[in-house]
Amino acid sequence: VFPGVTLHWTPAEHAKVVLAVFQFMDIAGRSCAEAERFRVTNGRTVSLMSLSRIVFVPMFMAVQRADGEWARSLWVKVPLMSAFSFTNGYVSTLSMMIGPVQKGVAEHEREFVGTLMSFGVVHGILWGSMLALTTQLGI
């Protein structure tokens with residue numbers, strides 16, 4: 001749903017701010033995942049974190065479609081985008097770091113698993129874009 005839904009948030013002047021927040025917080029999340037202190041190595045935990053990000057879909061749509069002043073406020077949009085983009089960077093980096101070294105992946109299969117994961121990322125972007133289109137069509 002990003003950036004499709006967010007580009008329809010009103011007022012339109014907020015789009016640049018929201019996109020800048022995404023870029024900054026996504027990098028912050030990626031950097032945090034690399035820090036030993038914040039690294040999660042349990043694959044199930046990372047998968048649960050990833051699945052829980054689905055809550056952002058109705059939140060983003062609510063901000064787009066709401067008529068109230070609260071939905072037009074940067075005080076709502078910036079924290080929402082910060083949480084979305086930080087978790088995007090954090091969870092995606094953790095996934096790519098721990099995926100190839102999970103139990104059951106032999107040493108000689110790790111490179112192939114990493115390649116498959118890259119394919120999965122591209123597919124995720126594709127299907128996320130398709131989902132964003134359906135939200136704009138009212139489906």
# chains A, B, ... in the order shown; residues from 1 in each chain; ligands from 1
>>> residues_around(residues="region 69-84 of chain A", least_positions_apart="4", cutoff="8 Å", atoms="only C-alpha atoms", output="count of residues only")
14
>>> atom_distance(atom1="CA of Ile27 (chain A)", atom2="CA of Glu109 (chain A)")
29.0 Å
>>> residues_around(residues="Met130 (chain A)", least_positions_apart="4", cutoff="12 Å", atoms="only C-alpha atoms", output="PyMOL selection string")
chain A and resi 1-2+4-5+123-126+134-137+139
>>> closest_residue(among="A:Gly120, A:Gly114, A:Gly128, A:Gly99", to="Val46 (chain A)", atoms="only C-alpha atoms")
A:Gly99
>>> closest_residue(among="A:Arg30, A:Val113, A:Gln102, A:Met96", to="Arg44 (chain A)", atoms="only C-alpha atoms")
A:Gln102
>>> closest_residue(among="A:Ala28, A:Ile98, A:Leu7, A:Val55", to="Ser85 (chain A)", atoms="only C-alpha atoms")
A:Ala28
>>> residues_around(residues="region 37-42 of chain A", least_positions_apart="5", cutoff="12 Å", atoms="only C-alpha atoms", output="list of chain:residue names")
A:Gly29, A:Arg30, A:Ser31, A:Cys32, A:Ser47, A:Leu48, A:Met49, A:Tyr90, A:Val91, A:Ser92, A:Thr93, A:Leu94, A:Ser95, A:Met96, A:Met97, A:Ile98, A:Gly99, A:Pro100, A:Val101, A:Gln102, A:Lys103
>>> select_by_dssp(residues="region 14-94 of chain A", states="alpha helix (DSSP H)", output="JSON, numbers by chain")
{"A": [14, 15, 16, 17, 18, 19, 20, 21, 22, 23, 24, 25, 26, 27, 28, 29, 30, 31, 32, 33, 34, 43, 44, 45, 46, 47, 48, 49, 50, 51, 52, 56, 57, 58, 59, 60, 61, 62, 63, 64, 65, 74, 75, 76, 77, 78, 79, 80, 81, 82, 83, 84, 85, 86, 87, 88, 89, 90, 91, 92, 93, 94]}
>>> atom_distance(atom1="CA of Pro3 (chain A)", atom2="CA of Lys16 (chain A)")
11.1 Å
>>> closest_residue(among="A:Asp26, A:His8, A:Ala132, A:Thr45", to="Arg65 (chain A)", atoms="only C-alpha atoms")
A:His8
